[in-house]
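Input: a single structure, listed below in structure tokens.
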Amino acid sequence: MVDPMQRTATVTHPTGAPDRRIRRRLPPAATLGIAVGLLVVVGVASLAIGARQIPFDVVVQAFTAPVPGDPDQVVVRDLRLPRAIIGIMAGAAFGVVAAILQGATRNPLADPGLLGINAGASLAVVAAISFLGVASPFGFIWFALGGAALAAVVVFLIGSMGGGASPARLALTGAAVTAATTPLITLLLIRDVGTLSQYRFWSVGSLAGRGLETASVLWPFLVGGLVLAAWLARRMNLLALGDDVARGLGVRLSTTRIVTAVAVIVLAATATSLAGPIALLGLAVAHAARGLVGADYRWLTPLAGVLGAIVLVAADVIGRVVVAPAELEAGIVAAIVGAPVLIALVRRGRGASL
């Protein structure tokens, strides 16, 4: 009997003779447990590592024996802790929403940018800066949330006209929305240098400047989106078999697609509001999760969320030290790391099938 935790791959040698190789895969629960442990390690590193050198015992004392006014403890509690929390929240949202989108559209390259969600959030933020003078990250979140949600609704409604929201329709509609909003964003940016300066900081993706009040406002949206994603997991497995098979197995396609749309809107808008429109992060971690646990969305979705949190928080830590005392935004580091990882995954064939 073949071990279900083993995966068999066929490799053809130059001689033409097939070579059967067995690659062992850890049980999904063990893989997820290791990922959670790694997230804890990265979270602790986020509190302890930065441009300012702070002994680890001081980091521990900042929470166990706080000293009012101690500058090192203030840095840990008021600056690094919010960044770690927001990084975990945003990274988890980016990873889960990419996994859901790839399953719903049956497109291995699906992410919020594909469906015009990032473009909608960007246009709303640019308009808020240009016309309302919004200048703080806390002010951006409401406009990013509204713009991302509006763009997703428009894409879903237009893509659903005349035959249902098929994967191709949604992708084409998202591309059209992005194409329509990009010139508007450019027009607003070139007319006001101040708007360009503010938007440039937000658009590259950063965890700096966000306080715990941002997390306190957006955590209900994140939890709601994750609950919907958990409800969708089994249905995504059935949808991968095709609409007709899924319908025959009792899946209500219209209900599932509506719930999927709501989950995508909430999670993508929350992630973009927290950290900006970070490119490649969700796409890369969703592929990595599929390579580690396969295409079972009951394990794929939570693992993608944990991996997204790990990557984003780690990118923030790296960005603090590589050009110290200055900082490199987490979105830039995530793109630099995510691009070659994604290329390597695609070249190795991981995540090729949904």
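Every chain in the structure tokens has a letter given in the order shown (A, B, ...), and although residue numbers restart at 1 in each chain, ligands are simply numbered from 1 in the order shown.
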Counting only C-alpha atoms, what is within 12 Å of Val227 of chain A, bar same-chain residues fewer than 4 positions away, as a PyMOL selection string?
-> chain A and resi 93+96+220-223+231-233+259-260+262-264+266-267+301-302
Could the residues in this selection be saved with N, CA, C and O atoms as a CSV table (one decimal), in the first residue's frame?
```
chain,number,residue,atom,x,y,z
A,93,ALA,N,-4.3,38.0,5.8
A,93,ALA,CA,-5.4,38.4,4.9
A,93,ALA,C,-4.9,38.3,3.5
A,93,ALA,O,-5.6,37.7,2.6
A,96,VAL,N,-4.7,34.4,2.6
A,96,VAL,CA,-6.0,33.7,2.5
A,96,VAL,C,-6.8,34.2,1.3
A,96,VAL,O,-7.4,33.4,0.6
A,220,PRO,N,-12.2,43.2,13.4
A,220,PRO,CA,-13.5,42.5,13.1
A,220,PRO,C,-13.7,42.1,11.7
A,220,PRO,O,-14.2,41.1,11.4
A,221,PHE,N,-13.2,43.0,10.8
A,221,PHE,CA,-13.3,42.7,9.3
A,221,PHE,C,-12.4,41.5,9.0
A,221,PHE,O,-12.9,40.6,8.3
A,222,LEU,N,-11.2,41.4,9.6
A,222,LEU,CA,-10.3,40.3,9.4
A,222,LEU,C,-11.0,39.0,9.9
A,222,LEU,O,-11.0,38.0,9.2
A,223,VAL,N,-11.5,39.0,11.1
A,223,VAL,CA,-12.1,37.8,11.7
A,223,VAL,C,-13.3,37.3,10.8
A,223,VAL,O,-13.4,36.1,10.5
A,231,TRP,N,-15.6,28.6,6.0
A,231,TRP,CA,-16.8,28.0,5.5
A,231,TRP,C,-16.7,27.6,4.0
A,231,TRP,O,-17.3,26.6,3.6
A,232,LEU,N,-15.8,28.3,3.3
A,232,LEU,CA,-15.7,28.0,1.9
A,232,LEU,C,-14.7,26.9,1.6
A,232,LEU,O,-14.7,26.3,0.4
A,233,ALA,N,-13.9,26.4,2.5
A,233,ALA,CA,-12.8,25.5,2.2
A,233,ALA,C,-13.3,24.2,1.6
A,233,ALA,O,-12.8,23.8,0.5
A,259,VAL,N,-20.8,34.3,-1.3
A,259,VAL,CA,-20.0,34.3,-0.1
A,259,VAL,C,-18.5,34.5,-0.4
A,259,VAL,O,-17.8,35.2,0.3
A,260,THR,N,-18.1,33.9,-1.5
A,260,THR,CA,-16.7,34.1,-2.0
A,260,THR,C,-16.4,35.5,-2.2
A,260,THR,O,-15.4,36.1,-1.8
A,262,VAL,N,-17.9,38.2,-1.0
A,262,VAL,CA,-17.9,38.9,0.3
A,262,VAL,C,-16.6,38.7,1.0
A,262,VAL,O,-16.0,39.6,1.5
A,263,ALA,N,-16.2,37.4,1.0
A,263,ALA,CA,-14.9,37.1,1.7
A,263,ALA,C,-13.7,37.8,1.1
A,263,ALA,O,-12.8,38.4,1.7
A,264,VAL,N,-13.7,37.8,-0.3
A,264,VAL,CA,-12.6,38.4,-1.0
A,264,VAL,C,-12.6,39.9,-0.8
A,264,VAL,O,-11.6,40.6,-0.5
A,266,VAL,N,-13.9,41.6,1.8
A,266,VAL,CA,-13.5,42.0,3.2
A,266,VAL,C,-12.0,41.8,3.4
A,266,VAL,O,-11.3,42.6,3.9
A,267,LEU,N,-11.5,40.6,3.0
A,267,LEU,CA,-10.1,40.3,3.3
A,267,LEU,C,-9.1,41.2,2.5
A,267,LEU,O,-8.1,41.7,3.0
A,301,THR,N,-5.8,26.9,2.8
A,301,THR,CA,-6.2,28.2,3.2
A,301,THR,C,-5.6,28.7,4.5
A,301,THR,O,-4.9,29.8,4.5
A,302,PRO,N,-5.6,27.9,5.6
A,302,PRO,CA,-5.0,28.4,6.8
A,302,PRO,C,-3.5,28.5,6.7
A,302,PRO,O,-2.8,29.4,7.2
```
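Using only C-alpha atoms, the shortest contact distance between Ala84 of chain A and any of A:Val97, A:Leu207, A:Ile258, A:Ile185 is found at A:Leu207.
Across A:Asp296, A:Gln198, A:Ser254, A:Ala335, the tightest approach to Ser136 of chain A is made by A:Gln198 when counting only C-alpha atoms.
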